[in-house]
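File shown here: final.pdb, holding PDB, C-alpha atoms, pLDDT in the B column.
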```pdb
ATOM      1  CA  MET A  12     -34.015 113.189-126.099  1.00 47.00           C
ATOM      2  CA  ALA A  13     -30.965 115.384-125.748  1.00 52.00           C
ATOM      3  CA  THR A  14     -28.955 115.044-122.563  1.00 54.00           C
ATOM      4  CA  HIS A  15     -26.665 118.023-123.109  1.00 55.00           C
ATOM      5  CA  ASP A  16     -27.434 121.690-122.513  1.00 61.00           C
ATOM      6  CA  VAL A  17     -25.161 123.042-125.248  1.00 66.00           C
ATOM      7  CA  GLU A  18     -26.736 123.307-128.682  1.00 78.00           C
ATOM      8  CA  VAL A  19     -25.165 121.714-131.723  1.00 83.00           C
ATOM      9  CA  ARG A  20     -25.767 124.107-134.598  1.00 86.00           C
ATOM     10  CA  VAL A  21     -26.919 122.546-137.853  1.00 89.00           C
ATOM     11  CA  ASN A  22     -26.364 124.383-141.125  1.00 91.00           C
ATOM     12  CA  LEU A  23     -27.882 123.489-144.501  1.00 92.00           C
ATOM     13  CA  ARG A  24     -26.295 123.531-147.939  1.00 90.00           C
ATOM     14  CA  ALA A  25     -27.614 122.618-151.361  1.00 89.00           C
ATOM     15  CA  ASN A  26     -26.454 119.658-153.420  1.00 90.00           C
ATOM     16  CA  GLN A  27     -24.393 121.281-156.205  1.00 89.00           C
ATOM     17  CA  ASN A  28     -24.141 118.225-158.486  1.00 89.00           C
ATOM     18  CA  GLU A  29     -26.251 119.117-161.528  1.00 91.00           C
ATOM     19  CA  LYS A  30     -26.228 115.468-162.678  1.00 94.00           C
ATOM     20  CA  SER A  31     -27.825 114.294-159.433  1.00 92.00           C
ATOM     21  CA  ASP A  32     -31.574 113.845-159.102  1.00 93.00           C
ATOM     22  CA  GLN A  33     -31.057 115.469-155.684  1.00 92.00           C
ATOM     23  CA  PHE A  34     -29.603 118.663-157.208  1.00 90.00           C
ATOM     24  CA  GLY A  35     -30.636 121.726-155.222  1.00 88.00           C
ATOM     25  CA  ARG A  36     -31.975 119.742-152.265  1.00 91.00           C
ATOM     26  CA  LEU A  37     -30.721 120.878-148.878  1.00 90.00           C
ATOM     27  CA  TYR A  38     -28.586 118.683-146.647  1.00 92.00           C
ATOM     28  CA  PRO A  39     -27.418 119.286-143.066  1.00 91.00           C
ATOM     29  CA  TYR A  40     -23.828 119.707-141.970  1.00 88.00           C
ATOM     30  CA  LEU A  41     -22.356 120.476-138.592  1.00 86.00           C
ATOM     31  CA  ASP A  42     -21.452 124.084-137.826  1.00 85.00           C
ATOM     32  CA  ARG A  43     -18.142 123.206-136.189  1.00 79.00           C
ATOM     33  CA  THR A  44     -16.989 126.554-134.911  1.00 74.00           C
ATOM     34  CA  SER A  45     -13.836 125.496-133.116  1.00 80.00           C
ATOM     35  CA  THR A  46     -11.588 122.708-131.929  1.00 85.00           C
ATOM     36  CA  ILE A  47     -10.652 122.339-128.293  1.00 88.00           C
ATOM     37  CA  ASN A  48      -6.920 121.988-127.690  1.00 89.00           C
ATOM     38  CA  GLN A  49      -5.273 119.869-125.010  1.00 90.00           C
ATOM     39  CA  ARG A  50      -5.124 122.714-122.492  1.00 91.00           C
ATOM     40  CA  GLY A  51      -8.824 123.481-123.005  1.00 90.00           C
ATOM     41  CA  LEU A  52      -9.711 119.807-122.658  1.00 89.00           C
ATOM     42  CA  CYS A  53      -7.705 119.534-119.439  1.00 91.00           C
ATOM     43  CA  ASP A  54      -9.371 122.686-118.087  1.00 91.00           C
ATOM     44  CA  ARG A  55     -12.752 121.179-118.908  1.00 88.00           C
ATOM     45  CA  ILE A  56     -11.900 117.898-117.174  1.00 91.00           C
ATOM     46  CA  ALA A  57     -10.591 119.799-114.127  1.00 91.00           C
ATOM     47  CA  LYS A  58     -13.973 121.558-113.798  1.00 90.00           C
ATOM     48  CA  THR A  59     -15.741 118.230-113.307  1.00 89.00           C
ATOM     49  CA  ASP A  60     -15.996 116.495-109.938  1.00 85.00           C
ATOM     50  CA  THR A  61     -12.333 115.535-109.747  1.00 87.00           C
ATOM     51  CA  ILE A  62      -9.726 116.001-107.062  1.00 90.00           C
ATOM     52  CA  PHE A  63      -7.023 116.589-109.658  1.00 90.00           C
ATOM     53  CA  GLY A  64      -6.017 119.996-110.975  1.00 89.00           C
ATOM     54  CA  ARG A  65      -5.411 120.939-114.592  1.00 88.00           C
ATOM     55  CA  GLU A  66      -1.627 120.422-114.300  1.00 92.00           C
ATOM     56  CA  VAL A  67      -2.007 116.798-113.151  1.00 93.00           C
ATOM     57  CA  ILE A  68      -4.631 116.110-115.807  1.00 93.00           C
ATOM     58  CA  ASP A  69      -2.412 117.718-118.473  1.00 93.00           C
ATOM     59  CA  GLY A  70       0.466 115.465-117.415  1.00 94.00           C
ATOM     60  CA  VAL A  71      -1.691 112.354-117.651  1.00 94.00           C
ATOM     61  CA  VAL A  72      -3.098 113.399-121.047  1.00 93.00           C
ATOM     62  CA  THR A  73       0.436 114.093-122.364  1.00 95.00           C
ATOM     63  CA  ILE A  74       1.650 110.647-121.287  1.00 96.00           C
ATOM     64  CA  PHE A  75      -1.545 109.074-122.625  1.00 94.00           C
ATOM     65  CA  GLN A  76      -1.080 110.775-126.013  1.00 93.00           C
ATOM     66  CA  LYS A  77       2.580 109.675-126.293  1.00 95.00           C
ATOM     67  CA  THR A  78       1.687 106.106-125.323  1.00 96.00           C
ATOM     68  CA  VAL A  79      -1.184 105.929-127.848  1.00 94.00           C
ATOM     69  CA  PHE A  80       1.094 107.207-130.641  1.00 93.00           C
ATOM     70  CA  ASP A  81       3.839 104.753-129.637  1.00 95.00           C
ATOM     71  CA  CYS A  82       1.351 101.865-129.737  1.00 94.00           C
ATOM     72  CA  LEU A  83      -0.011 102.947-133.140  1.00 93.00           C
ATOM     73  CA  ALA A  84       3.541 103.291-134.519  1.00 93.00           C
ATOM     74  CA  GLU A  85       4.152  99.691-133.405  1.00 93.00           C
ATOM     75  CA  GLY A  86       1.003  98.536-135.229  1.00 93.00           C
ATOM     76  CA  VAL A  87      -0.988  98.057-132.016  1.00 94.00           C
ATOM     77  CA  ALA A  88      -4.619  99.241-131.983  1.00 95.00           C
ATOM     78  CA  VAL A  89      -5.777 101.194-128.922  1.00 95.00           C
ATOM     79  CA  GLN A  90      -9.298 100.645-127.606  1.00 92.00           C
ATOM     80  CA  LEU A  91     -10.972 103.107-125.243  1.00 89.00           C
ATOM     81  CA  ASN A  92     -14.002 101.419-123.697  1.00 84.00           C
ATOM     82  CA  GLY A  93     -17.194 103.249-124.541  1.00 77.00           C
ATOM     83  CA  VAL A  94     -15.409 105.503-127.048  1.00 82.00           C
ATOM     84  CA  GLY A  95     -13.844 103.363-129.756  1.00 85.00           C
ATOM     85  CA  THR A  96     -10.641 102.017-131.238  1.00 90.00           C
ATOM     86  CA  PHE A  97      -7.768 103.854-132.897  1.00 92.00           C
ATOM     87  CA  TYR A  98      -5.845 101.670-135.325  1.00 93.00           C
ATOM     88  CA  PRO A  99      -3.170 102.142-137.992  1.00 94.00           C
ATOM     89  CA  THR A 100      -3.597 101.276-141.679  1.00 94.00           C
ATOM     90  CA  LEU A 101      -1.080 101.414-144.524  1.00 91.00           C
ATOM     91  CA  VAL A 102      -1.114 103.272-147.815  1.00 93.00           C
ATOM     92  CA  SER A 103       0.446 101.312-150.678  1.00 92.00           C
ATOM     93  CA  ARG A 104       2.406 102.619-153.615  1.00 90.00           C
ATOM     94  CA  LYS A 105       0.291 103.003-156.719  1.00 91.00           C
ATOM     95  CA  GLY A 106      -0.202  99.658-158.406  1.00 90.00           C
ATOM     96  CA  GLY A 107       1.163  97.667-155.480  1.00 90.00           C
ATOM     97  CA  VAL A 108       3.843  95.093-156.249  1.00 88.00           C
ATOM     98  CA  ALA A 109       3.672  92.118-158.597  1.00 89.00           C
ATOM     99  CA  SER A 110       5.357  89.566-156.353  1.00 86.00           C
ATOM    100  CA  CYS A 111       6.966  88.870-153.013  1.00 87.00           C
ATOM    101  CA  ALA A 112      10.348  88.987-154.750  1.00 88.00           C
ATOM    102  CA  GLU A 113       9.608  92.535-155.937  1.00 91.00           C
ATOM    103  CA  ALA A 114       8.505  93.501-152.419  1.00 90.00           C
ATOM    104  CA  VAL A 115      11.758  92.140-150.970  1.00 90.00           C
ATOM    105  CA  LYS A 116      13.778  93.954-153.645  1.00 93.00           C
ATOM    106  CA  LEU A 117      12.038  97.291-152.989  1.00 92.00           C
ATOM    107  CA  GLY A 118      11.676  96.986-149.228  1.00 89.00           C
ATOM    108  CA  ALA A 119       8.833  98.055-146.946  1.00 89.00           C
ATOM    109  CA  ASP A 120       9.806 101.743-147.039  1.00 90.00           C
ATOM    110  CA  ASP A 121       9.267 101.824-150.821  1.00 91.00           C
ATOM    111  CA  ILE A 122       6.011  99.879-151.029  1.00 91.00           C
ATOM    112  CA  VAL A 123       4.367 101.684-148.105  1.00 92.00           C
ATOM    113  CA  THR A 124       3.808 105.349-148.924  1.00 93.00           C
ATOM    114  CA  GLY A 125       2.026 106.349-145.719  1.00 94.00           C
ATOM    115  CA  VAL A 126       0.383 105.298-142.475  1.00 93.00           C
ATOM    116  CA  HIS A 127      -3.107 106.484-141.550  1.00 93.00           C
ATOM    117  CA  VAL A 128      -4.633 106.488-138.091  1.00 94.00           C
ATOM    118  CA  ARG A 129      -8.268 105.420-138.268  1.00 93.00           C
ATOM    119  CA  PHE A 130     -11.001 105.535-135.643  1.00 91.00           C
ATOM    120  CA  LEU A 131     -13.813 103.035-135.205  1.00 86.00           C
ATOM    121  CA  PRO A 132     -16.524 104.140-132.747  1.00 80.00           C
ATOM    122  CA  ASP A 133     -17.505 101.647-130.073  1.00 76.00           C
ATOM    123  CA  GLY A 134     -21.001 100.412-130.852  1.00 66.00           C
ATOM    124  CA  THR A 135     -21.190  97.742-128.185  1.00 57.00           C
ATOM    125  CA  LYS A 136     -22.194  99.881-125.207  1.00 55.00           C
ATOM    126  CA  ILE A 137     -25.551 101.453-124.410  1.00 47.00           C
ATOM    127  CA  ASP A 138     -23.741 104.795-124.160  1.00 50.00           C
ATOM    128  CA  SER A 139     -21.988 104.240-127.472  1.00 52.00           C
ATOM    129  CA  ILE A 140     -21.078 107.003-129.864  1.00 56.00           C
ATOM    130  CA  THR A 141     -22.506 105.415-132.951  1.00 60.00           C
ATOM    131  CA  SER A 142     -24.622 107.644-135.149  1.00 68.00           C
ATOM    132  CA  LYS A 143     -28.116 107.205-133.707  1.00 72.00           C
ATOM    133  CA  LYS A 144     -27.085 106.744-130.075  1.00 70.00           C
ATOM    134  CA  PHE A 145     -24.798 109.771-130.107  1.00 71.00           C
ATOM    135  CA  LYS A 146     -27.521 111.874-131.725  1.00 78.00           C
ATOM    136  CA  GLU A 147     -29.621 111.288-128.594  1.00 76.00           C
ATOM    137  CA  ARG A 148     -26.934 113.102-126.570  1.00 74.00           C
ATOM    138  CA  CYS A 149     -26.955 116.171-128.823  1.00 79.00           C
ATOM    139  CA  SER A 150     -29.269 119.150-128.650  1.00 83.00           C
ATOM    140  CA  LEU A 151     -29.638 120.003-132.347  1.00 85.00           C
ATOM    141  CA  LYS A 152     -30.720 123.448-133.540  1.00 86.00           C
ATOM    142  CA  LEU A 153     -31.054 124.757-137.091  1.00 87.00           C
ATOM    143  CA  ASN A 154     -28.667 127.643-137.695  1.00 89.00           C
ATOM    144  CA  MET A 155     -27.606 128.936-141.140  1.00 90.00           C
ATOM    145  CA  LEU A 156     -28.222 128.318-144.822  1.00 92.00           C
ATOM    146  CA  GLN A 157     -24.980 128.196-146.772  1.00 91.00           C
ATOM    147  CA  GLU A 158     -25.362 129.665-150.238  1.00 90.00           C
ATOM    148  CA  ILE A 159     -22.690 129.407-152.876  1.00 90.00           C
ATOM    149  CA  ALA A 160     -21.929 131.539-155.890  1.00 90.00           C
ATOM    150  CA  TYR A 161     -18.911 131.222-158.139  1.00 90.00           C
ATOM    151  CA  LYS A 162     -16.699 134.137-159.022  1.00 92.00           C
ATOM    152  CA  THR A 163     -13.909 134.125-161.591  1.00 94.00           C
ATOM    153  CA  VAL A 164     -10.607 135.141-160.019  1.00 93.00           C
ATOM    154  CA  GLU A 165      -7.491 135.106-162.199  1.00 94.00           C
ATOM    155  CA  GLY A 166      -9.243 132.783-164.661  1.00 94.00           C
ATOM    156  CA  LYS A 167     -10.345 130.274-162.013  1.00 94.00           C
ATOM    157  CA  GLU A 168     -13.848 129.642-160.686  1.00 92.00           C
ATOM    158  CA  VAL A 169     -13.697 130.310-156.950  1.00 94.00           C
ATOM    159  CA  PRO A 170     -16.620 129.536-154.615  1.00 91.00           C
ATOM    160  CA  GLN A 171     -17.979 132.438-152.581  1.00 92.00           C
ATOM    161  CA  TYR A 172     -19.988 131.365-149.548  1.00 91.00           C
ATOM    162  CA  THR A 173     -22.652 133.404-147.816  1.00 92.00           C
ATOM    163  CA  TYR A 174     -24.651 132.445-144.762  1.00 91.00           C
ATOM    164  CA  ARG A 175     -28.189 133.476-143.828  1.00 90.00           C
ATOM    165  CA  PRO A 176     -30.222 132.414-140.784  1.00 90.00           C
ATOM    166  CA  ILE A 177     -32.453 129.480-141.761  1.00 89.00           C
ATOM    167  CA  TYR A 178     -35.475 130.865-139.909  1.00 87.00           C
ATOM    168  CA  GLN A 179     -35.098 134.182-141.734  1.00 87.00           C
ATOM    169  CA  VAL A 180     -34.973 132.418-145.112  1.00 87.00           C
ATOM    170  CA  ALA A 181     -38.001 130.288-144.183  1.00 87.00           C
ATOM    171  CA  ASN A 182     -39.785 133.366-142.838  1.00 82.00           C
ATOM    172  CA  ALA A 183     -40.510 131.469-139.624  1.00 71.00           C
ATOM    173  CA  LYS A 184     -39.936 131.951-135.918  1.00 73.00           C
ATOM    174  CA  PRO A 185     -36.914 130.184-134.407  1.00 67.00           C
ATOM    175  CA  ASP A 186     -37.591 126.941-132.571  1.00 63.00           C
ATOM    176  CA  PRO A 187     -37.230 127.657-128.837  1.00 59.00           C
ATOM    177  CA  GLY A 188     -35.972 124.104-128.328  1.00 55.00           C
ATOM    178  CA  PRO A 189     -37.174 121.463-125.885  1.00 54.00           C
ATOM    179  CA  GLU A 190     -38.841 122.616-122.700  1.00 54.00           C
ATOM    180  CA  PRO A 191     -36.800 122.071-119.521  1.00 48.00           C
TER     181      PRO A 191
END
```
Output the file's structure in the form of structure tokens.
Amino acid sequence: MATHDVEVRVNLRANQNEKSDQFGRLYPYLDRTSTINQRGLCDRIAKTDTIFGREVIDGVVTIFQKTVFDCLAEGVAVQLNGVGTFYPTLVSRKGGVASCAEAVKLGADDIVTGVHVRFLPDGTKIDSITSKKFKERCSLKLNMLQEIAYKTVEGKEVPQYTYRPIYQVANAKPDPGPEP
């Protein structure tokens, strides 16, 4: 049962892999229309039952962000209870190194080509954000069918996407959603 009033729009798109036995079957994907920035997040927090204004919240979030990045840069994972853990991982040069002597000769800067920040959702709490538990918090609603056609532009096949309302394609009435 959804616990949030805002709908999460679900679009469908067809499997385009002709070698797959699932070719042409429709699969859902999230219609992510925007990303909230720090100011928007702070405004949203300030609208909750808090005594702090947006400026104070923004200051705390800024310090929090810097501290999390500092910890990750030091190789320290950061766990947010009920949310999950951010942790750094390394990207190695292609082929790695053959020996410790080679690693010492090249140095860490040459054998590490990048650092990724990963996120592991917390699955230990009742209010966790793992797949099935988080789905219970969402109010899902079918939205659009994504159709794809390829057009040749300057000798290259370029995908052209079109979107049509799912209920129009299915010739059905939209689902009014759960009753209040």
Check your understanding: Quick one: which residues end up in the PyMOL selection byres ((chain A and resi 115-128) around 8) for this structure, as a list in words?
Key -> Leu83, Phe97, Tyr98, Pro99, Thr100, Leu101, Val102, Ser103, Arg104, Gly107, Val108, Cys111, Ala112, Glu113, Ala114, Arg129 and Phe130 of chain A
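Of note, CA of Ile177 (chain A) and CA of Arg43 (chain A) are spaced 16.6 Å apart.
Between CA of Arg175 (chain A) and CA of Asn28 (chain A) lies a distance of 21.5 Å.
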Review point. Could you write out as a PyMOL selection string the residues that the PyMOL selection byres ((chain A and resi 24) around 6) matches in the shown file?
Key: chain A and resi 23+25+37-38+157
Exercise for review: Could you list the residues chosen by the PyMOL selection byres ((chain A and resi 89) around 10) in this structure as an NGL selection string?
Suggested key: :A and (78-80 or 82-83 or 86-88 or 90-92 or 95-99 or 130)
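The environment of Cys53 (chain A) within 12 Å, counting only C-alpha atoms and disregarding residues fewer than 6 places along the same chain, consists of Ile47, Thr59, Thr61, Phe63, Gly64, Arg65, Glu66, Val67, Ile68, Asp69, Gly70, Val71, Val72 and Thr73 of chain A.
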Selection from above, C-alpha atoms, as a PDB file, keeping the file's coordinate frame, can you write it?
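That gives us out.pdb:
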```pdb
ATOM      1  CA  ILE A  47     -10.652 122.339-128.293  1.00 88.00           C
ATOM      2  CA  THR A  59     -15.741 118.230-113.307  1.00 89.00           C
ATOM      3  CA  THR A  61     -12.333 115.535-109.747  1.00 87.00           C
ATOM      4  CA  PHE A  63      -7.023 116.589-109.658  1.00 90.00           C
ATOM      5  CA  GLY A  64      -6.017 119.996-110.975  1.00 89.00           C
ATOM      6  CA  ARG A  65      -5.411 120.939-114.592  1.00 88.00           C
ATOM      7  CA  GLU A  66      -1.627 120.422-114.300  1.00 92.00           C
ATOM      8  CA  VAL A  67      -2.007 116.798-113.151  1.00 93.00           C
ATOM      9  CA  ILE A  68      -4.631 116.110-115.807  1.00 93.00           C
ATOM     10  CA  ASP A  69      -2.412 117.718-118.473  1.00 93.00           C
ATOM     11  CA  GLY A  70       0.466 115.465-117.415  1.00 94.00           C
ATOM     12  CA  VAL A  71      -1.691 112.354-117.651  1.00 94.00           C
ATOM     13  CA  VAL A  72      -3.098 113.399-121.047  1.00 93.00           C
ATOM     14  CA  THR A  73       0.436 114.093-122.364  1.00 95.00           C
TER      15      THR A  73
END
```
Review point. Which distance in Å separates CA of Arg55 (chain A) and CA of Asn154 (chain A), to one decimal?
Key: 25.5 Å
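Nearest to Ser150 (chain A) of all the residues A:Val164, A:Val169, A:Val21, A:Ile62 is A:Val21, based on all atoms listed in the file.
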Practice item. Compile the contact shell of Gln27 (chain A) as a PyMOL selection string: residues with an atom at most 9 Å away, counting all atoms listed in the file, same-chain residues fewer than 5 positions apart removed. Key: chain A and resi 33-36+159
